[in-house]
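Data from entry_7.cif: mmCIF, C-alpha atoms
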```
data_query
loop_
_atom_site.label_atom_id
_atom_site.label_comp_id
_atom_site.auth_asym_id
_atom_site.auth_seq_id
_atom_site.Cartn_x
_atom_site.Cartn_y
_atom_site.Cartn_z
CA MET A 1 -57.97 81.15 101.46
CA LYS A 2 -58.99 80.32 97.89
CA LYS A 3 -59.51 84.01 97.18
CA THR A 4 -56.11 84.88 98.61
CA ILE A 5 -54.40 82.30 96.41
CA ALA A 6 -56.35 83.48 93.36
CA SER A 7 -55.45 87.11 94.13
CA LEU A 8 -51.79 86.15 94.42
CA PHE A 9 -52.04 84.33 91.10
CA VAL A 10 -53.56 87.41 89.46
CA PHE A 11 -50.79 89.55 90.97
CA LEU A 12 -48.08 87.26 89.61
CA LEU A 13 -49.64 87.26 86.16
CA ALA A 14 -49.78 91.03 86.32
CA THR A 15 -46.02 91.14 86.40
CA ALA A 16 -46.08 90.39 82.69
CA ALA A 17 -47.39 93.90 82.11
CA PHE A 18 -44.79 96.63 81.88
CA ALA A 19 -44.82 100.31 81.18
CA HIS A 20 -44.84 102.01 77.82
CA ALA A 21 -45.03 105.70 77.05
CA GLY A 22 -47.62 107.59 79.12
CA HIS A 23 -51.13 108.76 78.32
CA HIS A 24 -50.78 112.46 77.60
CA HIS A 25 -51.91 115.45 75.58
CA VAL A 26 -50.03 117.25 72.82
CA TYR A 27 -50.77 120.92 72.16
CA GLY A 28 -49.45 122.29 68.90
CA THR A 29 -49.85 123.56 65.35
CA VAL A 30 -50.07 121.29 62.30
CA LYS A 31 -46.99 121.52 60.07
CA GLN A 32 -47.71 118.68 57.68
CA LEU A 33 -49.85 115.60 57.21
CA THR A 34 -48.27 112.78 55.22
CA GLY A 35 -50.32 109.61 55.12
CA ASP A 36 -50.91 108.60 58.72
CA ALA A 37 -48.09 110.76 60.08
CA LEU A 38 -49.09 114.14 61.48
CA LEU A 39 -46.18 116.50 62.04
CA VAL A 40 -46.98 118.98 64.81
CA HIS A 41 -44.97 121.93 66.07
CA THR A 42 -45.68 121.75 69.80
CA ARG A 43 -46.18 124.76 72.02
CA GLU A 44 -43.01 123.71 73.83
CA GLY A 45 -41.14 124.54 70.58
CA THR A 46 -40.30 121.04 69.40
CA ASP A 47 -41.61 119.00 66.46
CA ALA A 48 -43.51 115.79 67.12
CA THR A 49 -44.72 113.18 64.65
CA ILE A 50 -48.05 111.73 65.73
CA SER A 51 -49.46 108.52 64.25
CA LEU A 52 -53.09 108.64 63.16
CA THR A 53 -55.04 105.39 62.98
CA LYS A 54 -58.46 104.27 61.78
CA ALA A 55 -59.64 104.54 65.37
CA THR A 56 -58.56 108.18 65.74
CA VAL A 57 -61.52 110.49 66.37
CA TYR A 58 -61.55 114.09 65.09
CA LYS A 59 -63.52 116.81 66.90
CA ARG A 60 -64.06 120.53 66.49
CA GLY A 61 -65.79 121.69 69.64
CA ASP A 62 -68.71 119.31 70.15
CA ALA A 63 -69.03 118.62 66.42
CA ASP A 64 -67.25 115.95 64.43
CA ALA A 65 -64.27 117.03 62.32
CA LYS A 66 -62.31 115.05 59.74
CA ARG A 67 -58.74 114.22 58.85
CA GLY A 68 -58.91 116.69 55.96
CA ASP A 69 -59.26 119.52 58.51
CA LEU A 70 -55.65 118.98 59.56
CA VAL A 71 -54.12 121.59 57.28
CA PRO A 72 -50.84 123.43 58.00
CA GLY A 73 -51.25 126.21 60.54
CA VAL A 74 -54.31 124.85 62.32
CA ARG A 75 -54.05 124.36 66.07
CA VAL A 76 -54.66 120.94 67.57
CA VAL A 77 -54.86 119.34 70.99
CA ILE A 78 -54.18 115.62 70.74
CA ASP A 79 -55.14 113.02 73.34
CA MET A 80 -52.71 110.14 72.92
CA THR A 81 -53.67 106.52 73.50
CA THR A 82 -52.71 104.98 76.83
CA ASP A 83 -49.65 103.33 75.30
CA GLY A 84 -48.60 106.68 73.81
CA LYS A 85 -48.19 105.20 70.32
CA SER A 86 -50.94 107.00 68.41
CA ALA A 87 -53.59 109.69 68.57
CA GLU A 88 -56.87 108.75 70.19
CA ILE A 89 -58.67 112.09 69.78
CA VAL A 90 -57.54 115.06 67.69
CA LYS A 91 -59.31 118.27 68.68
CA VAL A 92 -59.10 120.77 65.86
CA GLY A 93 -58.87 124.50 66.47
CA THR A 94 -61.39 127.04 65.34
CA LYS A 95 -58.65 129.38 64.14
CA MET B 1 -42.30 59.08 90.20
CA ARG B 2 -40.21 60.81 92.89
CA ARG B 3 -37.92 62.12 90.21
CA ALA B 4 -40.87 63.56 88.27
CA VAL B 5 -42.17 65.33 91.39
CA ALA B 6 -38.70 66.70 92.11
CA VAL B 7 -38.42 68.06 88.56
CA LEU B 8 -41.88 69.61 88.83
CA VAL B 9 -41.04 71.27 92.15
CA PHE B 10 -37.77 72.54 90.69
CA VAL B 11 -39.57 74.06 87.69
CA VAL B 12 -42.18 75.72 89.92
CA VAL B 13 -39.47 77.17 92.18
CA VAL B 14 -37.53 78.49 89.18
CA VAL B 15 -40.66 80.10 87.69
CA ILE B 16 -41.55 81.75 91.02
CA ALA B 17 -37.97 82.93 91.55
CA ALA B 18 -37.84 84.37 88.01
CA THR B 19 -41.16 86.13 88.53
CA VAL B 20 -40.10 87.63 91.86
CA ALA B 21 -36.77 88.73 90.37
CA ASN B 22 -38.63 90.29 87.44
CA VAL B 23 -40.89 92.25 89.82
CA LEU B 24 -37.96 93.44 91.93
CA VAL B 25 -35.92 94.56 88.94
CA ARG B 26 -38.58 96.01 86.63
CA GLY B 27 -41.49 96.79 88.97
CA VAL B 28 -45.14 96.33 88.12
CA SER B 29 -47.11 98.68 85.91
CA ALA B 30 -50.82 99.04 85.24
CA ARG B 31 -50.26 100.83 81.93
CA GLU B 32 -50.68 97.72 79.82
CA GLY B 33 -53.95 95.85 79.80
CA PRO B 34 -54.44 92.58 81.69
CA THR B 35 -53.36 89.33 80.06
CA ARG B 36 -55.95 86.85 78.75
CA ALA B 37 -55.27 84.57 81.73
CA GLU B 38 -55.87 87.41 84.20
CA ILE B 39 -59.15 88.27 82.48
CA VAL B 40 -60.38 84.68 82.69
CA VAL B 41 -59.38 84.35 86.35
CA ALA B 42 -60.84 87.74 87.30
CA ARG B 43 -64.18 87.12 85.53
CA THR B 44 -64.46 83.68 87.09
CA LEU B 45 -63.82 85.09 90.56
CA ARG B 46 -66.31 87.90 89.93
CA HIS B 47 -68.93 85.36 88.90
CA PHE B 48 -68.49 83.35 92.08
CA ALA B 49 -68.38 86.49 94.22
CA VAL B 50 -72.08 87.11 93.51
CA PRO B 51 -74.36 85.27 95.96
CA MET B 52 -76.11 82.37 94.17
CA LYS B 53 -79.59 83.63 94.98
CA LEU B 54 -78.85 87.09 93.60
CA ARG B 55 -77.26 85.69 90.45
CA ALA B 56 -80.65 84.47 89.24
CA ALA B 57 -82.57 87.58 90.32
CA LYS B 58 -84.63 89.50 87.76
CA ASN B 59 -84.92 93.28 87.84
CA PRO B 60 -87.95 94.13 90.01
CA VAL B 61 -88.20 97.64 88.55
CA PRO B 62 -90.25 97.84 85.35
CA MET B 63 -88.81 99.83 82.47
CA SER B 64 -90.43 103.19 81.74
CA VAL B 65 -89.33 106.50 80.24
CA ALA B 66 -89.17 108.11 83.69
CA VAL B 67 -87.16 105.26 85.22
CA LEU B 68 -84.73 105.30 82.29
CA GLN B 69 -84.28 109.05 82.74
CA GLU B 70 -83.54 108.55 86.45
CA GLY B 71 -81.01 105.87 85.61
CA ARG B 72 -79.43 108.11 82.97
CA GLU B 73 -79.05 111.01 85.38
CA HIS B 74 -77.63 108.78 88.10
CA PHE B 75 -75.19 107.18 85.65
CA ALA B 76 -74.01 110.56 84.33
CA ASP B 77 -73.40 111.81 87.86
CA HIS B 78 -71.83 108.72 89.48
CA CYS B 79 -70.55 106.34 86.78
CA ALA B 80 -69.66 108.28 83.64
CA GLN B 81 -66.35 109.57 84.98
CA CYS B 82 -64.90 106.07 84.48
CA HIS B 83 -67.43 104.36 82.20
CA GLY B 84 -68.23 107.32 79.91
CA ASN B 85 -71.75 108.54 79.17
CA ASP B 86 -72.07 105.88 76.46
CA GLY B 87 -70.77 103.13 78.78
CA ARG B 88 -67.86 102.30 76.49
CA GLY B 89 -65.19 103.09 79.10
CA GLN B 90 -63.33 105.51 76.82
CA THR B 91 -62.54 108.10 79.49
CA GLU B 92 -59.15 109.12 80.83
CA MET B 93 -59.94 107.34 84.10
CA GLY B 94 -61.51 104.28 82.46
CA ARG B 95 -58.61 103.78 80.08
CA SER B 96 -56.08 104.04 82.90
CA LEU B 97 -57.70 101.71 85.43
CA TYR B 98 -56.46 98.17 85.93
CA PRO B 99 -58.38 96.34 84.67
CA ARG B 100 -59.72 98.91 82.18
CA ALA B 101 -63.34 100.00 82.50
CA PRO B 102 -65.20 97.60 80.19
CA ASP B 103 -67.20 98.48 77.10
CA MET B 104 -70.58 97.76 78.67
CA THR B 105 -72.38 97.78 75.32
CA LEU B 106 -70.65 94.49 74.47
CA ALA B 107 -71.83 90.96 75.17
CA GLU B 108 -69.31 90.44 78.01
CA THR B 109 -71.39 92.83 80.13
CA GLN B 110 -74.81 92.47 78.52
CA ARG B 111 -74.89 88.70 79.00
CA LEU B 112 -74.49 89.10 82.78
CA SER B 113 -77.76 88.53 84.61
CA ASP B 114 -79.71 91.42 86.16
CA GLY B 115 -78.67 90.12 89.56
CA GLU B 116 -74.99 90.04 88.64
CA LEU B 117 -75.09 93.64 87.39
CA PHE B 118 -76.93 94.69 90.54
CA ALA B 119 -74.36 92.90 92.73
CA ILE B 120 -71.46 94.56 90.92
CA ILE B 121 -73.02 98.00 91.51
CA ARG B 122 -73.97 97.31 95.14
CA ASP B 123 -70.92 95.30 96.26
CA GLY B 124 -68.21 96.50 93.86
CA VAL B 125 -65.46 94.24 92.50
CA ARG B 126 -62.41 93.59 94.62
CA LEU B 127 -58.95 94.38 93.20
CA THR B 128 -60.48 96.63 90.54
CA GLY B 129 -61.53 100.28 90.38
CA MET B 130 -65.21 99.36 90.81
CA PRO B 131 -66.43 100.71 94.16
CA ALA B 132 -69.24 99.22 96.26
CA TRP B 133 -72.08 101.73 96.07
CA GLY B 134 -74.34 99.80 98.44
CA GLY B 135 -75.48 102.01 101.30
CA GLU B 136 -74.80 105.18 99.32
CA HIS B 137 -78.18 104.98 97.63
CA SER B 138 -81.26 102.77 97.66
CA GLU B 139 -81.49 99.33 96.07
CA GLN B 140 -84.22 100.75 93.83
CA ASP B 141 -81.68 103.22 92.44
CA ASP B 142 -79.24 100.38 91.74
CA TRP B 143 -81.91 98.39 89.88
CA LYS B 144 -82.67 101.51 87.80
CA LEU B 145 -79.00 101.65 86.90
CA VAL B 146 -79.22 98.04 85.76
CA LEU B 147 -82.06 99.06 83.42
CA PHE B 148 -79.94 101.91 82.10
CA ILE B 149 -76.99 99.56 81.50
CA ARG B 150 -79.33 97.31 79.49
CA HIS B 151 -80.24 100.37 77.40
CA LEU B 152 -76.59 101.28 76.59
CA PRO B 153 -76.28 99.25 73.34
CA GLN B 154 -79.23 101.18 71.87
CA MET B 155 -78.05 104.56 73.08
CA THR B 156 -77.78 107.35 70.51
CA LYS B 157 -74.92 109.80 70.15
CA GLU B 158 -77.33 112.66 70.94
CA GLU B 159 -78.40 110.96 74.16
CA ALA B 160 -74.77 110.60 75.29
CA GLU B 161 -74.14 114.23 74.32
CA SER B 162 -77.11 115.41 76.40
CA MET B 163 -75.64 113.73 79.49
CA LYS B 164 -72.57 115.96 79.41
CA ALA B 165 -74.42 118.69 81.29
CA LEU B 166 -74.94 116.23 84.16
CA ASN B 167 -71.30 115.11 84.46
CA PRO B 168 -69.41 116.32 87.52
CA MET B 169 -66.11 118.05 86.79
CA SER B 170 -63.12 118.52 89.09
CA PRO B 171 -61.41 121.94 89.34
CA MET B 172 -58.43 120.47 87.47
CA GLU B 173 -60.62 119.18 84.65
CA MET B 174 -62.29 122.59 84.44
CA ARG B 175 -58.85 124.23 84.16
CA GLU B 176 -57.73 121.73 81.50
CA GLU B 177 -60.90 122.23 79.48
CA LYS B 178 -60.53 126.00 79.68
CA GLU B 179 -56.87 125.78 78.66
CA GLU B 180 -57.75 123.56 75.69
CA ARG B 181 -60.57 125.85 74.58
CA GLN B 182 -58.32 128.91 74.81
CA PHE B 183 -55.54 127.23 72.89
CA LEU B 184 -57.81 125.93 70.14
CA SER B 185 -59.43 129.33 69.66
CA GLY B 186 -56.05 130.98 69.11
CA GLY B 187 -55.30 132.08 72.67
CA ASP B 188 -52.01 131.82 74.54
CA SER B 189 -49.78 129.33 72.71
CA HIS B 190 -47.26 128.94 75.52
CA LYS B 191 -47.54 126.67 78.48
#
```
If you convert what's in this file into structure tokens, what do you get?
Amino acid sequence: MKKTIASLFVFLLATAAFAHAGHHHVYGTVKQLTGDALLVHTREGTDATISLTKATVYKRGDADAKRGDLVPGVRVVIDMTTDGKSAEIVKVGTK
Amino acid sequence: MRRAVAVLVFVVVVVIAATVANVLVRGVSAREGPTRAEIVVARTLRHFAVPMKLRAAKNPVPMSVAVLQEGREHFADHCAQCHGNDGRGQTEMGRSLYPRAPDMTLAETQRLSDGELFAIIRDGVRLTGMPAWGGEHSEQDDWKLVLFIRHLPQMTKEEAESMKALNPMSPMEMREEKEERQFLSGGDSHK
């Protein structure tokens, strides 16, 4: 009984949590990097501005890459954070 | 006194009604992390869900290089999909679970007793994504996993990297990885 009540309590508290943008990937080509804002031309043909943070990780294959690798024309695949607000991992292209 | 009780009952009814209305109108999402109150309640319940005798149990398996390797392989194959090879929970699955897969290198996990870690592996945690693995493999294997979890805070990047070869991959993940690799190496730019 106690567990049921506690579970119900947890469920009710959970109602405070609501959806934000989804966790998704962005495929595209770097157009410009200004401060923490990365402008990407996506493969769908639109432009998207992606926020980079201190926690953003940069990879090229299995090796580490750096923010300076994000030069115009380079391809990137970006894993967004769960809340969709910033980049979690930026995978940098080899071409 | 009666008046105070009546006011209290009224407030409780209003809060419950508002909460129910909120759920009906907006729904419930697992995209945001649990609130502080939920975390406290859930951890307390998890603590009491472990049998008292087991809570105080020490790991009967002595640490050795071979045992650690067994634990590492088992973890990479069964646990890393949610917890990550480094145990930090930064996987697509781990970040999307409710509650999120914990960073097991931190004190919140490391201060749990051997018995509590063993119980969580064997019996799972209700209302979370943590399955009960008991019966799937031997208790010895579970205790070896406990040793591996204790090793996580000292784990090197190279060690986590070496576990990648042991991680299972779904056909969809294989397709996604291939698509990413092709795109990043200058292949087809259209979806």
As a check of understanding: the span from atom CA of A:Ile50 to atom CA of A:Ile78 is 8.8 Å
Between atom CA of B:Ala80 and atom CA of B:Ile121, what distance in Å does the model show, to one decimal?
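Answer for the atom CA of B:Ala80 to atom CA of B:Ile121 separation: 13.4 Å.
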Output the residue selection produced by the PyMOL selection byres ((chain B) within 6 of (chain A)) on the file above, formatted as a list in words.
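So the PyMOL selection byres ((chain B) within 6 of (chain A)) ends up selecting Val28, Ser29, Arg31, Glu32, Glu38, Leu184, Ser185, Gly186, Ser189 and His190 of chain B.
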Expanded to explicit residues, what is the PyMOL selection byres ((chain B and resi 157) around 12) for this file, as a list in words?
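Applying the expression gives Asp62, Ala63 and Asp64 of chain A; Asn85, Asp86, Gly87, Leu152, Pro153, Gln154, Met155, Thr156, Glu158, Glu159, Ala160, Glu161, Ser162, Met163 and Lys164 of chain B.
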Next, write the just-selected residues to a file, as a compact mmCIF listing (two decimals), keeping the file's coordinate frame, keeping C-alpha atoms as the atom set.
```txt
# COMPACT_ATOMS: atom_id res chain seq x y z
CA ASP A 62 -68.71 119.31 70.15
CA ALA A 63 -69.03 118.62 66.42
CA ASP A 64 -67.25 115.95 64.43
CA ASN B 85 -71.75 108.54 79.17
CA ASP B 86 -72.07 105.88 76.46
CA GLY B 87 -70.77 103.13 78.78
CA LEU B 152 -76.59 101.28 76.59
CA PRO B 153 -76.28 99.25 73.34
CA GLN B 154 -79.23 101.18 71.87
CA MET B 155 -78.05 104.56 73.08
CA THR B 156 -77.78 107.35 70.51
CA GLU B 158 -77.33 112.66 70.94
CA GLU B 159 -78.40 110.96 74.16
CA ALA B 160 -74.77 110.60 75.29
CA GLU B 161 -74.14 114.23 74.32
CA SER B 162 -77.11 115.41 76.40
CA MET B 163 -75.64 113.73 79.49
CA LYS B 164 -72.57 115.96 79.41
```
Please list as a PDB file with C-alpha atoms, in the frame of the given file every residue within 8 Å of stretch 69-71 of chain B, counting all atoms listed in the file and excluding residues in the same chain fewer than 5 positions away.
```
ATOM      1  CA  ASP B 141     -81.680 103.220  92.440  1.00  0.00           C
ATOM      2  CA  LYS B 144     -82.670 101.510  87.800  1.00  0.00           C
ATOM      3  CA  LEU B 145     -79.000 101.650  86.900  1.00  0.00           C
ATOM      4  CA  LEU B 147     -82.060  99.060  83.420  1.00  0.00           C
ATOM      5  CA  PHE B 148     -79.940 101.910  82.100  1.00  0.00           C
TER       6      PHE B 148
END
```
Provide the atom CA of B:Gly115 to atom CA of B:Ala49 distance in Å, to one decimal place.
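Taking atom CA of B:Gly115 as the start and atom CA of B:Ala49 as the end point, the length is 11.9 Å.
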Might you pull out every residue within 10 Å of B:Leu117, with only C-alpha atoms counted and same-chain residues fewer than 2 positions away left off, and present them as a PDB file with C-alpha atoms, in the frame of the given file?
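Now in result24.pdb:
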```
ATOM      1  CA  VAL B  50     -72.080  87.110  93.510  1.00  0.00           C
ATOM      2  CA  LEU B  54     -78.850  87.090  93.600  1.00  0.00           C
ATOM      3  CA  ARG B  55     -77.260  85.690  90.450  1.00  0.00           C
ATOM      4  CA  ASN B  59     -84.920  93.280  87.840  1.00  0.00           C
ATOM      5  CA  THR B 109     -71.390  92.830  80.130  1.00  0.00           C
ATOM      6  CA  GLN B 110     -74.810  92.470  78.520  1.00  0.00           C
ATOM      7  CA  ARG B 111     -74.890  88.700  79.000  1.00  0.00           C
ATOM      8  CA  LEU B 112     -74.490  89.100  82.780  1.00  0.00           C
ATOM      9  CA  SER B 113     -77.760  88.530  84.610  1.00  0.00           C
ATOM     10  CA  ASP B 114     -79.710  91.420  86.160  1.00  0.00           C
ATOM     11  CA  GLY B 115     -78.670  90.120  89.560  1.00  0.00           C
ATOM     12  CA  ALA B 119     -74.360  92.900  92.730  1.00  0.00           C
ATOM     13  CA  ILE B 120     -71.460  94.560  90.920  1.00  0.00           C
ATOM     14  CA  ILE B 121     -73.020  98.000  91.510  1.00  0.00           C
ATOM     15  CA  ARG B 122     -73.970  97.310  95.140  1.00  0.00           C
ATOM     16  CA  ASP B 123     -70.920  95.300  96.260  1.00  0.00           C
ATOM     17  CA  GLY B 124     -68.210  96.500  93.860  1.00  0.00           C
ATOM     18  CA  ASP B 142     -79.240 100.380  91.740  1.00  0.00           C
ATOM     19  CA  TRP B 143     -81.910  98.390  89.880  1.00  0.00           C
ATOM     20  CA  LEU B 145     -79.000 101.650  86.900  1.00  0.00           C
ATOM     21  CA  VAL B 146     -79.220  98.040  85.760  1.00  0.00           C
ATOM     22  CA  LEU B 147     -82.060  99.060  83.420  1.00  0.00           C
ATOM     23  CA  ILE B 149     -76.990  99.560  81.500  1.00  0.00           C
ATOM     24  CA  ARG B 150     -79.330  97.310  79.490  1.00  0.00           C
TER      25      ARG B 150
END
```
Looking at B:Cys79, B:Ala17, B:Ala101, B:Ala57, which one is nearest to B:Pro34, with distances taken over all atoms listed in the file?
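Between B:Cys79, B:Ala17, B:Ala101, B:Ala57, the residue approaching B:Pro34 most closely is B:Ala101.
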Shell of 8 Å around A:Leu39, only C-alpha atoms, local chain residues under 2 positions omitted, as JSON, numbers by chain:
{"A": [30, 31, 32, 33, 37, 41, 47, 48, 49, 50]}
Going by the chain IDs and residue numbers used in this file, which residues fall under the PyMOL selection byres ((chain B and resi 102) around 10)? Write them as number ranges by chain.
B: 82-83, 87-90, 94-95, 99-101, 103-106, 108-109
Of B:Arg36, B:His78, B:Arg43, B:Arg3, the one sitting nearest B:His137 when using all atoms listed in the file is B:His78
Which of A:Lys85, A:Tyr58, A:Gly68, A:Met80 sits closest to A:Val26 [using all atoms listed in the file]:
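Residue with the minimum atom-to-atom distance to A:Val26: A:Met80.
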Please reconstruct the missing atoms of stretch 63-85 of chain B (target: N, CA and C atoms) and return them as a PDB file, keeping the file's coordinate frame.
```pdb
ATOM      1  N   MET B  63     -89.362  98.776  83.325  1.00  0.00           N
ATOM      2  CA  MET B  63     -88.810  99.830  82.470  1.00  0.00           C
ATOM      3  C   MET B  63     -89.889 100.862  82.113  1.00  0.00           C
ATOM      4  N   SER B  64     -89.542 102.119  82.210  1.00  0.00           N
ATOM      5  CA  SER B  64     -90.430 103.190  81.740  1.00  0.00           C
ATOM      6  C   SER B  64     -89.544 104.374  81.360  1.00  0.00           C
ATOM      7  N   VAL B  65     -90.107 105.335  80.678  1.00  0.00           N
ATOM      8  CA  VAL B  65     -89.330 106.500  80.240  1.00  0.00           C
ATOM      9  C   VAL B  65     -88.765 107.242  81.464  1.00  0.00           C
ATOM     10  N   ALA B  66     -89.600 107.377  82.497  1.00  0.00           N
ATOM     11  CA  ALA B  66     -89.170 108.110  83.690  1.00  0.00           C
ATOM     12  C   ALA B  66     -88.048 107.380  84.424  1.00  0.00           C
ATOM     13  N   VAL B  67     -88.180 106.060  84.524  1.00  0.00           N
ATOM     14  CA  VAL B  67     -87.160 105.260  85.220  1.00  0.00           C
ATOM     15  C   VAL B  67     -85.834 105.321  84.447  1.00  0.00           C
ATOM     16  N   LEU B  68     -85.937 105.230  83.126  1.00  0.00           N
ATOM     17  CA  LEU B  68     -84.730 105.300  82.290  1.00  0.00           C
ATOM     18  C   LEU B  68     -84.047 106.657  82.462  1.00  0.00           C
ATOM     19  N   GLN B  69     -84.834 107.715  82.550  1.00  0.00           N
ATOM     20  CA  GLN B  69     -84.280 109.050  82.740  1.00  0.00           C
ATOM     21  C   GLN B  69     -83.560 109.145  84.093  1.00  0.00           C
ATOM     22  N   GLU B  70     -84.177 108.551  85.125  1.00  0.00           N
ATOM     23  CA  GLU B  70     -83.540 108.550  86.450  1.00  0.00           C
ATOM     24  C   GLU B  70     -82.203 107.810  86.401  1.00  0.00           C
ATOM     25  N   GLY B  71     -82.235 106.648  85.743  1.00  0.00           N
ATOM     26  CA  GLY B  71     -81.010 105.870  85.610  1.00  0.00           C
ATOM     27  C   GLY B  71     -79.941 106.628  84.852  1.00  0.00           C
ATOM     28  N   ARG B  72     -80.355 107.327  83.794  1.00  0.00           N
ATOM     29  CA  ARG B  72     -79.430 108.110  82.970  1.00  0.00           C
ATOM     30  C   ARG B  72     -78.763 109.209  83.791  1.00  0.00           C
ATOM     31  N   GLU B  73     -79.592 109.914  84.569  1.00  0.00           N
ATOM     32  CA  GLU B  73     -79.050 111.010  85.380  1.00  0.00           C
ATOM     33  C   GLU B  73     -78.089 110.491  86.447  1.00  0.00           C
ATOM     34  N   HIS B  74     -78.472 109.390  87.065  1.00  0.00           N
ATOM     35  CA  HIS B  74     -77.630 108.780  88.100  1.00  0.00           C
ATOM     36  C   HIS B  74     -76.303 108.314  87.494  1.00  0.00           C
ATOM     37  N   PHE B  75     -76.386 107.693  86.337  1.00  0.00           N
ATOM     38  CA  PHE B  75     -75.190 107.180  85.650  1.00  0.00           C
ATOM     39  C   PHE B  75     -74.255 108.334  85.289  1.00  0.00           C
ATOM     40  N   ALA B  76     -74.832 109.407  84.743  1.00  0.00           N
ATOM     41  CA  ALA B  76     -74.010 110.560  84.330  1.00  0.00           C
ATOM     42  C   ALA B  76     -73.293 111.174  85.531  1.00  0.00           C
ATOM     43  N   ASP B  77     -73.953 111.171  86.673  1.00  0.00           N
ATOM     44  CA  ASP B  77     -73.400 111.810  87.860  1.00  0.00           C
ATOM     45  C   ASP B  77     -72.390 110.912  88.600  1.00  0.00           C
ATOM     46  N   HIS B  78     -72.657 109.598  88.658  1.00  0.00           N
ATOM     47  CA  HIS B  78     -71.830 108.720  89.480  1.00  0.00           C
ATOM     48  C   HIS B  78     -70.894 107.791  88.695  1.00  0.00           C
ATOM     49  N   CYS B  79     -71.263 107.428  87.484  1.00  0.00           N
ATOM     50  CA  CYS B  79     -70.550 106.340  86.780  1.00  0.00           C
ATOM     51  C   CYS B  79     -69.735 106.802  85.578  1.00  0.00           C
ATOM     52  N   ALA B  80     -70.219 107.896  84.941  1.00  0.00           N
ATOM     53  CA  ALA B  80     -69.660 108.280  83.640  1.00  0.00           C
ATOM     54  C   ALA B  80     -68.194 108.706  83.720  1.00  0.00           C
ATOM     55  N   GLN B  81     -67.742 109.118  84.877  1.00  0.00           N
ATOM     56  CA  GLN B  81     -66.350 109.570  84.980  1.00  0.00           C
ATOM     57  C   GLN B  81     -65.386 108.446  84.554  1.00  0.00           C
ATOM     58  N   CYS B  82     -65.724 107.216  84.904  1.00  0.00           N
ATOM     59  CA  CYS B  82     -64.900 106.070  84.480  1.00  0.00           C
ATOM     60  C   CYS B  82     -65.491 105.397  83.248  1.00  0.00           C
ATOM     61  N   HIS B  83     -66.804 105.166  83.258  1.00  0.00           N
ATOM     62  CA  HIS B  83     -67.430 104.360  82.200  1.00  0.00           C
ATOM     63  C   HIS B  83     -67.767 105.162  80.939  1.00  0.00           C
ATOM     64  N   GLY B  84     -67.814 106.496  81.044  1.00  0.00           N
ATOM     65  CA  GLY B  84     -68.230 107.320  79.910  1.00  0.00           C
ATOM     66  C   GLY B  84     -69.747 107.354  79.826  1.00  0.00           C
ATOM     67  N   ASN B  85     -70.292 108.426  79.279  1.00  0.00           N
ATOM     68  CA  ASN B  85     -71.750 108.540  79.170  1.00  0.00           C
ATOM     69  C   ASN B  85     -72.346 107.427  78.315  1.00  0.00           C
TER      70      ASN B  85
END
```
